[in-house]
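Listing of my_file-v4.cif; format and content: mmCIF, C-alpha atoms.
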```
data_coords
#
loop_
_atom_site.label_atom_id
_atom_site.label_comp_id
_atom_site.auth_asym_id
_atom_site.auth_seq_id
_atom_site.Cartn_x
_atom_site.Cartn_y
_atom_site.Cartn_z
CA MET A 850 -26.87 -17.09 4.18
CA LYS A 851 -23.22 -18.00 4.78
CA ASN A 852 -22.65 -14.81 6.83
CA TRP A 853 -25.78 -15.52 8.89
CA LYS A 854 -24.49 -19.00 9.75
CA LYS A 855 -21.08 -17.58 10.55
CA TYR A 856 -22.46 -14.99 12.99
CA ALA A 857 -24.79 -17.53 14.57
CA ALA A 858 -21.84 -19.86 15.18
CA ILE A 859 -19.82 -17.03 16.76
CA ILE A 860 -22.72 -16.10 19.06
CA GLY A 861 -23.17 -19.77 19.99
CA VAL A 862 -19.49 -20.13 20.90
CA ILE A 863 -19.60 -16.96 23.02
CA ALA A 864 -22.74 -18.18 24.81
CA LEU A 865 -21.15 -21.54 25.58
CA LEU A 866 -17.99 -19.87 26.91
CA MET A 867 -20.10 -17.69 29.19
CA ILE A 868 -21.98 -20.74 30.49
CA PHE A 869 -18.74 -22.60 31.14
CA CYS A 870 -17.36 -19.58 33.01
CA LEU A 871 -20.33 -19.44 35.40
CA PRO A 872 -18.88 -21.80 38.05
CA MET A 873 -15.66 -19.79 38.15
CA TYR A 874 -17.65 -16.57 38.51
CA PHE A 875 -19.66 -17.88 41.47
CA ALA A 876 -16.56 -19.44 43.02
CA LEU A 877 -14.58 -16.20 42.92
CA LYS A 878 -17.27 -13.61 43.67
CA GLY A 879 -17.06 -11.94 47.07
CA ASP A 880 -20.31 -13.26 48.54
CA PHE A 881 -19.71 -16.92 47.64
CA SER A 882 -22.91 -18.96 47.42
CA GLN A 883 -22.50 -22.72 47.33
CA LYS A 884 -26.04 -23.07 45.99
CA GLN A 885 -25.39 -20.79 43.05
CA PHE A 886 -22.02 -22.44 42.42
CA MET A 887 -23.51 -25.96 42.32
CA ALA A 888 -26.38 -24.81 40.11
CA SER A 889 -23.96 -23.25 37.62
CA LEU A 890 -21.76 -26.36 37.73
CA PHE A 891 -24.69 -28.65 36.93
CA THR A 892 -25.72 -26.25 34.16
CA VAL A 893 -22.28 -26.55 32.60
CA LEU A 894 -22.34 -30.34 32.84
CA PHE A 895 -25.83 -30.48 31.36
CA VAL A 896 -24.90 -28.19 28.46
CA ALA A 897 -21.73 -30.20 27.80
CA VAL A 898 -23.65 -33.49 27.70
CA MET A 899 -26.37 -32.03 25.50
CA CYS A 900 -23.80 -30.58 23.09
CA TYR A 901 -22.16 -34.00 22.82
CA VAL A 902 -25.51 -35.75 22.26
CA LEU A 903 -26.55 -33.20 19.61
CA LEU A 904 -23.18 -33.54 17.88
CA MET A 905 -23.48 -37.34 17.75
CA LEU A 906 -27.08 -37.06 16.53
CA PHE A 907 -26.05 -34.61 13.83
CA LYS A 908 -23.26 -36.91 12.63
CA TYR A 909 -25.59 -39.91 12.59
CA LEU A 910 -28.35 -38.11 10.66
CA ASN A 911 -25.83 -36.62 8.24
CA LYS A 912 -24.33 -40.05 7.59
CA LYS A 913 -27.80 -41.52 6.97
CA LYS A 914 -28.61 -38.68 4.61
CA GLU A 915 -25.42 -39.28 2.61
CA GLU A 916 -26.13 -43.00 2.44
CA GLN A 917 -29.65 -42.36 1.21
CA GLN A 918 -28.40 -39.90 -1.40
CA VAL A 919 -25.90 -42.45 -2.74
CA ALA A 920 -28.31 -45.37 -2.53
CA GLY A 921 -31.01 -43.46 -4.33
CA GLY A 922 -28.60 -41.80 -6.74
CA ILE A 923 -27.38 -44.58 -9.02
CA LYS A 924 -29.86 -45.38 -11.77
CA ASN A 925 -27.57 -46.30 -14.67
CA ILE A 926 -24.84 -48.94 -14.85
CA ILE A 927 -22.47 -48.66 -17.80
CA PHE A 928 -20.31 -51.69 -18.65
CA ASP A 929 -17.10 -52.08 -20.53
CA VAL A 930 -17.14 -55.43 -22.33
CA GLY A 931 -13.59 -56.80 -22.50
CA GLN A 932 -12.29 -58.22 -19.20
CA VAL A 933 -15.57 -57.27 -17.49
CA LEU A 934 -18.31 -59.29 -19.18
CA VAL A 935 -16.05 -61.34 -21.46
CA ASP A 936 -12.49 -62.63 -21.40
CA TYR A 937 -10.24 -61.14 -24.04
CA ASP A 938 -7.51 -63.81 -24.22
CA TRP A 939 -5.39 -63.05 -27.25
CA GLU A 940 -2.33 -64.85 -25.89
CA THR A 941 -3.97 -68.28 -25.64
CA TYR A 942 -5.52 -67.70 -29.05
CA LEU A 943 -2.15 -66.80 -30.59
CA ASP A 944 -0.49 -69.81 -28.93
CA SER A 945 -3.00 -72.07 -30.66
CA PHE A 946 -1.25 -71.44 -34.00
CA GLY A 947 1.92 -73.13 -32.74
CA PHE A 948 4.32 -70.47 -34.06
CA GLU A 949 7.89 -70.79 -32.91
CA PRO A 950 8.68 -68.22 -30.16
CA VAL A 951 10.52 -65.62 -32.25
CA LYS A 952 7.83 -65.60 -34.93
CA ARG A 953 5.07 -65.53 -32.34
CA GLU A 954 6.62 -62.44 -30.78
CA ARG A 955 6.88 -60.70 -34.16
CA ILE A 956 3.25 -61.40 -34.98
CA ALA A 957 2.09 -60.31 -31.51
CA LYS A 958 3.87 -56.97 -31.90
CA ALA A 959 2.40 -56.50 -35.37
CA THR A 960 -1.16 -57.29 -34.28
CA PHE A 961 -2.45 -57.35 -30.71
CA GLN A 962 0.35 -55.21 -29.28
CA SER A 963 0.41 -52.66 -32.09
CA PRO A 964 -1.25 -49.21 -32.20
CA VAL A 965 -3.20 -50.45 -35.23
CA TRP A 966 -5.16 -52.80 -32.96
CA ASP A 967 -6.53 -49.88 -30.93
CA GLU A 968 -7.22 -47.80 -34.03
CA ARG A 969 -9.13 -50.75 -35.49
CA ASP A 970 -11.57 -50.22 -32.61
CA ARG A 971 -12.11 -46.64 -33.79
CA GLY A 972 -13.64 -48.00 -36.99
CA LEU A 973 -12.58 -45.34 -39.47
CA TYR A 974 -11.79 -47.84 -42.24
CA GLU A 975 -12.92 -51.16 -43.61
CA GLU A 976 -11.41 -54.34 -42.15
CA ASP A 977 -9.15 -54.96 -45.15
CA VAL A 978 -7.45 -51.59 -44.61
CA TYR A 979 -6.54 -52.55 -41.05
CA LEU A 980 -5.38 -55.98 -42.20
CA LYS A 981 -3.01 -54.32 -44.64
CA GLN A 982 -1.69 -52.05 -41.88
CA PHE A 983 -1.03 -55.08 -39.65
CA GLN A 984 0.86 -56.79 -42.47
CA GLU A 985 2.93 -53.71 -43.20
CA LEU A 986 4.31 -53.92 -39.66
CA ASP A 987 5.69 -57.41 -40.40
CA PRO A 988 5.72 -58.13 -44.16
CA GLU A 989 7.67 -61.35 -43.61
CA ASP A 990 4.69 -62.94 -41.84
CA ALA A 991 1.92 -61.32 -43.90
CA GLU A 992 0.15 -64.60 -44.73
CA ASP A 993 0.10 -65.80 -41.13
CA ILE A 994 -0.98 -62.37 -39.90
CA GLU A 995 -4.02 -62.59 -42.14
CA LYS A 996 -4.91 -65.99 -40.65
CA VAL A 997 -4.55 -64.60 -37.15
CA ILE A 998 -6.61 -61.46 -37.81
CA ARG A 999 -9.38 -63.29 -39.65
CA GLY A 1000 -9.95 -65.47 -36.60
CA THR A 1001 -9.66 -62.88 -33.85
CA GLY A 1002 -13.22 -63.59 -32.78
CA GLY A 1003 -11.63 -66.57 -31.03
CA THR A 1004 -10.06 -64.25 -28.45
CA ILE A 1005 -13.45 -63.51 -26.86
CA HIS A 1006 -15.21 -65.82 -24.38
CA LYS A 1007 -18.20 -64.81 -22.27
CA ARG A 1008 -17.63 -64.98 -18.53
CA PRO A 1009 -19.88 -67.43 -16.62
CA TYR A 1010 -21.55 -64.76 -14.51
CA ALA A 1011 -22.24 -62.26 -17.32
CA ASP A 1012 -25.82 -63.12 -18.29
CA THR A 1013 -26.99 -63.80 -14.73
CA TRP A 1014 -25.44 -60.58 -13.43
CA VAL A 1015 -26.96 -58.23 -15.98
CA LYS A 1016 -30.37 -59.94 -15.70
CA TYR A 1017 -30.27 -59.53 -11.92
CA LEU A 1018 -29.39 -55.83 -12.13
CA LYS A 1019 -32.08 -55.35 -14.75
CA SER A 1020 -34.64 -57.01 -12.46
CA LYS A 1021 -33.74 -54.49 -9.76
CA GLY A 1022 -34.75 -51.64 -12.02
CA TYR A 1023 -31.35 -50.34 -13.09
CA HIS A 1024 -30.81 -49.10 -16.63
CA LEU A 1025 -27.92 -50.94 -18.27
CA TYR A 1026 -25.59 -49.73 -20.99
CA ILE A 1027 -22.43 -50.76 -22.83
CA LEU A 1028 -19.51 -48.41 -23.50
CA SER A 1029 -16.71 -50.36 -25.11
CA ASN A 1030 -13.73 -50.06 -27.42
CA TYR A 1031 -14.69 -52.73 -29.92
CA ALA A 1032 -14.08 -53.26 -33.64
CA SER A 1033 -17.02 -53.86 -35.97
CA TYR A 1034 -15.33 -57.01 -37.29
CA MET A 1035 -15.10 -58.31 -33.74
CA ILE A 1036 -18.77 -57.53 -33.04
CA ASP A 1037 -19.80 -59.46 -36.15
CA HIS A 1038 -17.66 -62.46 -35.18
CA THR A 1039 -18.42 -62.62 -31.44
CA LYS A 1040 -22.21 -62.27 -31.39
CA LYS A 1041 -22.65 -65.67 -29.77
CA GLU A 1042 -20.51 -64.49 -26.84
CA LEU A 1043 -22.38 -61.19 -26.39
CA THR A 1044 -25.79 -62.56 -25.41
CA PHE A 1045 -26.06 -60.04 -22.56
CA ARG A 1046 -26.59 -57.29 -25.13
CA LYS A 1047 -30.32 -58.07 -25.24
CA GLU A 1048 -30.61 -56.91 -21.62
CA MET A 1049 -29.05 -53.52 -22.36
CA ASP A 1050 -31.01 -50.29 -22.62
CA GLY A 1051 -28.40 -48.88 -24.94
CA GLU A 1052 -24.84 -49.27 -26.15
CA VAL A 1053 -22.00 -47.23 -27.57
CA PHE A 1054 -19.30 -49.19 -29.36
CA SER A 1055 -16.24 -47.21 -30.38
CA CYS A 1056 -16.33 -48.46 -33.97
CA TYR A 1057 -19.80 -46.96 -34.55
CA VAL A 1058 -19.00 -43.48 -33.20
CA ASN A 1059 -15.32 -43.29 -34.31
CA GLN A 1060 -14.24 -42.43 -30.78
CA LEU A 1061 -12.10 -44.27 -28.25
CA LYS A 1062 -11.90 -44.41 -24.48
CA PRO A 1063 -10.44 -42.58 -22.64
CA GLU A 1064 -11.13 -39.67 -25.01
CA PRO A 1065 -13.67 -37.37 -23.30
CA GLU A 1066 -15.94 -37.24 -26.35
CA ILE A 1067 -17.01 -40.89 -26.10
CA TYR A 1068 -18.28 -40.45 -22.53
CA GLN A 1069 -20.28 -37.42 -23.59
CA THR A 1070 -21.63 -39.43 -26.51
CA ILE A 1071 -23.26 -42.03 -24.26
CA LEU A 1072 -24.50 -39.40 -21.79
CA ASP A 1073 -26.06 -37.33 -24.56
CA LYS A 1074 -27.41 -40.23 -26.63
CA TYR A 1075 -29.39 -41.70 -23.74
CA GLN A 1076 -29.86 -38.48 -21.74
CA LEU A 1077 -28.03 -39.86 -18.72
CA LYS A 1078 -27.03 -37.75 -15.74
CA PRO A 1079 -23.39 -38.49 -14.81
CA GLU A 1080 -24.11 -38.31 -11.07
CA GLU A 1081 -26.74 -41.03 -11.50
CA SER A 1082 -24.41 -43.30 -13.49
CA VAL A 1083 -21.58 -45.68 -12.63
CA PHE A 1084 -19.07 -46.94 -15.20
CA ILE A 1085 -17.26 -50.27 -14.80
CA ASP A 1086 -14.00 -50.77 -16.70
CA ASP A 1087 -10.85 -52.80 -16.13
CA ARG A 1088 -8.46 -50.03 -17.22
CA PRO A 1089 -7.66 -47.21 -14.76
CA GLU A 1090 -7.16 -44.69 -17.58
CA ASN A 1091 -10.67 -45.38 -18.89
CA CYS A 1092 -12.12 -44.95 -15.41
CA GLN A 1093 -10.21 -41.69 -15.05
CA GLY A 1094 -11.70 -40.47 -18.32
CA ALA A 1095 -15.21 -41.18 -17.02
CA GLN A 1096 -14.50 -39.54 -13.67
CA GLU A 1097 -13.47 -36.35 -15.46
CA GLN A 1098 -16.97 -36.26 -16.94
CA GLY A 1099 -18.53 -36.57 -13.48
CA ILE A 1100 -19.43 -40.27 -13.77
CA HIS A 1101 -18.97 -42.62 -10.80
CA THR A 1102 -16.47 -45.36 -11.66
CA ILE A 1103 -15.37 -48.79 -10.50
CA CYS A 1104 -12.11 -50.26 -11.75
CA PHE A 1105 -12.85 -53.94 -12.31
CA LYS A 1106 -10.48 -56.48 -10.76
CA ASP A 1107 -12.78 -59.43 -10.12
CA PHE A 1108 -16.48 -60.12 -9.75
CA LYS A 1109 -16.47 -60.21 -5.94
CA GLN A 1110 -14.68 -56.87 -5.75
CA VAL A 1111 -16.93 -55.10 -8.25
CA THR A 1112 -20.15 -56.27 -6.57
CA ALA A 1113 -18.81 -55.07 -3.21
CA ASP A 1114 -17.93 -51.67 -4.71
CA LEU A 1115 -21.37 -51.44 -6.33
CA GLU A 1116 -22.94 -52.14 -2.94
CA LYS A 1117 -21.04 -49.18 -1.47
CA LEU A 1118 -22.85 -47.04 -4.05
CA GLY A 1119 -26.17 -48.52 -2.99
CA VAL A 1120 -26.44 -50.98 -5.89
CA LYS A 1121 -27.51 -54.31 -4.40
#
```
Using structure tokens, write down the structure that the file contains.
Amino acid sequence: MKNWKKYAAIIGVIALLMIFCLPMYFALKGDFSQKQFMASLFTVLFVAVMCYVLLMLFKYLNKKKEEQQVAGGIKNIIFDVGQVLVDYDWETYLDSFGFEPVKRERIAKATFQSPVWDERDRGLYEEDVYLKQFQELDPEDAEDIEKVIRGTGGTIHKRPYADTWVKYLKSKGYHLYILSNYASYMIDHTKKELTFRKEMDGEVFSCYVNQLKPEPEIYQTILDKYQLKPEESVFIDDRPENCQGAQEQGIHTICFKDFKQVTADLEKLGVK
């Protein structure tokens, strides 16, 4: 098929060159005929105009086809939770304890800024095991670290648009899912902030599958669990590395910056 198209294109180019050479032929031939020359000239002009019109028509139809493919392609919208549907504001929460600056910095490094915090989202152990690991990073502040960790549900606050947004997308016929790095302790203690979950067609929380974004396995988990086609799905996350992980699995992605930006980017994919 490719060779056929290639030969057809070559023949077309040769034919066009011959047509464009007609005026020169009639102008230079011994028995010059003005009638033949003008006819060939008009033929060239007509062919040139028609080629331009056909080219523009082809580009227009091709663009429309691509737009229709994109618009009709997205069926599934996959949300991260933190910094997309809820605010994760650990700094304000930590400030509420009134620790003096040096101590606050120590506790921040031992908790929210430590590798243990991310591994807590993986959910391999019970909460008390992670608490002990936090305390081992700063034994001097062990008692205060426990107070901080026990109340970490206070870091999560639902964004004003969250419920309305997901309900609107649901009403438009899109299938909605959650794919989030989230600890089981946090899920248990932030239920009142996660009211949008009832609109979801499915969810994969890292703590329940023992996988973390941007590891490739977690994206395959949600695709396989709900039989989603990556080309029909768009994933919204605030972290570029998590979006990159989804892209590598063939999923459309939008890196969340603010609500106006993400709705505009969704519209480009045909989600309105």
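Each of A:Ile927, A:Gly922, A:Leu934, A:Leu1115 was compared to A:Ile1071 using all atoms listed in the file, and A:Ile927 turns out to be the nearest.
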Counting all atoms listed in the file, the residue among A:Ala1095, A:Ala1113, A:Leu1025, A:Val1058 that lies closest to A:Lys924 is A:Leu1025
request  = Could you state which residues are captured by the PyMOL selection byres ((chain A and resi 985) around 12) in this file, as a PyMOL selection string?
outcome  = chain A and resi 956+958-960+963+965+978-984+986-992+994-995
Residue nearest A:Thr1102 - candidates A:Gly1022, A:Phe961, A:Ile923, A:Pro950, atoms counted: all atoms listed in the file: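 So, comparing all the options, the nearest one is A:Ile923.
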Extract, using only C-alpha atoms, all DNA, RNA and protein residues at most 7 Å from A:Glu1042, discarding same-chain residues fewer than 3 positions from it, and format them as an mmCIF file with C-alpha atoms, in the coordinates of the input.
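The result, written out as part13.cif:
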```
data_model
loop_
_atom_site.group_PDB
_atom_site.id
_atom_site.type_symbol
_atom_site.label_atom_id
_atom_site.label_comp_id
_atom_site.auth_asym_id
_atom_site.auth_seq_id
_atom_site.Cartn_x
_atom_site.Cartn_y
_atom_site.Cartn_z
ATOM 1 C CA HIS A 1006 -15.210 -65.820 -24.380
ATOM 2 C CA LYS A 1007 -18.200 -64.810 -22.270
ATOM 3 C CA THR A 1039 -18.420 -62.620 -31.440
#
```
Computed gap from atom CA of A:Tyr1010 to atom CA of A:Asp1107 is 11.2 Å
> If you apply the PyMOL selection byres ((chain A and resi 1083-1092) around 9) to this file, what residues do you get, as a ChimeraX atom specification?
Replying inline: /A:923-933,1028-1029,1062-1064,1079-1082,1093-1097,1100-1106,1111,1115,1118
Review point. In Å, how far is it from atom CA of A:Gln1110 to atom CA of A:Leu1061?
Key: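 Distance reported for this atom pair: 25.9 Å.
We find atom CA of A:Asp1012 and atom CA of A:Glu1048 to be spaced 8.5 Å apart.
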Output stretch 1073-1088 of chain A as a compact mmCIF listing (two decimals), in the coordinates of the input, making sure N, CA and C atoms are there.
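Output (part13.txt):
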```txt
# COMPACT_ATOMS: atom_id res chain seq x y z
N ASP A 1073 -25.13 -38.10 -23.73
CA ASP A 1073 -26.06 -37.33 -24.56
C ASP A 1073 -27.05 -38.23 -25.30
N LYS A 1074 -26.56 -39.35 -25.82
CA LYS A 1074 -27.41 -40.23 -26.63
C LYS A 1074 -28.59 -40.77 -25.83
N TYR A 1075 -28.34 -41.10 -24.56
CA TYR A 1075 -29.39 -41.70 -23.74
C TYR A 1075 -29.87 -40.77 -22.62
N GLN A 1076 -29.43 -39.50 -22.71
CA GLN A 1076 -29.86 -38.48 -21.74
C GLN A 1076 -29.62 -38.94 -20.30
N LEU A 1077 -28.41 -39.38 -20.05
CA LEU A 1077 -28.03 -39.86 -18.72
C LEU A 1077 -27.39 -38.72 -17.92
N LYS A 1078 -27.69 -38.69 -16.64
CA LYS A 1078 -27.03 -37.75 -15.74
C LYS A 1078 -25.79 -38.45 -15.18
N PRO A 1079 -24.62 -37.82 -15.28
CA PRO A 1079 -23.39 -38.49 -14.81
C PRO A 1079 -23.43 -38.86 -13.34
N GLU A 1080 -24.05 -38.02 -12.51
CA GLU A 1080 -24.11 -38.31 -11.07
C GLU A 1080 -25.02 -39.48 -10.75
N GLU A 1081 -25.86 -39.89 -11.70
CA GLU A 1081 -26.74 -41.03 -11.50
C GLU A 1081 -26.20 -42.29 -12.19
N SER A 1082 -24.97 -42.21 -12.69
CA SER A 1082 -24.41 -43.30 -13.49
C SER A 1082 -23.10 -43.80 -12.90
N VAL A 1083 -22.86 -45.10 -13.04
CA VAL A 1083 -21.58 -45.68 -12.63
C VAL A 1083 -21.03 -46.48 -13.82
N PHE A 1084 -19.74 -46.30 -14.07
CA PHE A 1084 -19.07 -46.94 -15.20
C PHE A 1084 -18.08 -47.96 -14.68
N ILE A 1085 -18.14 -49.18 -15.23
CA ILE A 1085 -17.26 -50.27 -14.80
C ILE A 1085 -16.31 -50.62 -15.93
N ASP A 1086 -15.02 -50.50 -15.68
CA ASP A 1086 -14.00 -50.77 -16.70
C ASP A 1086 -12.78 -51.35 -16.01
N ASP A 1087 -12.02 -52.18 -16.74
CA ASP A 1087 -10.85 -52.80 -16.13
C ASP A 1087 -9.59 -51.94 -16.24
N ARG A 1088 -9.64 -50.88 -17.03
CA ARG A 1088 -8.46 -50.03 -17.22
C ARG A 1088 -8.59 -48.73 -16.42
```
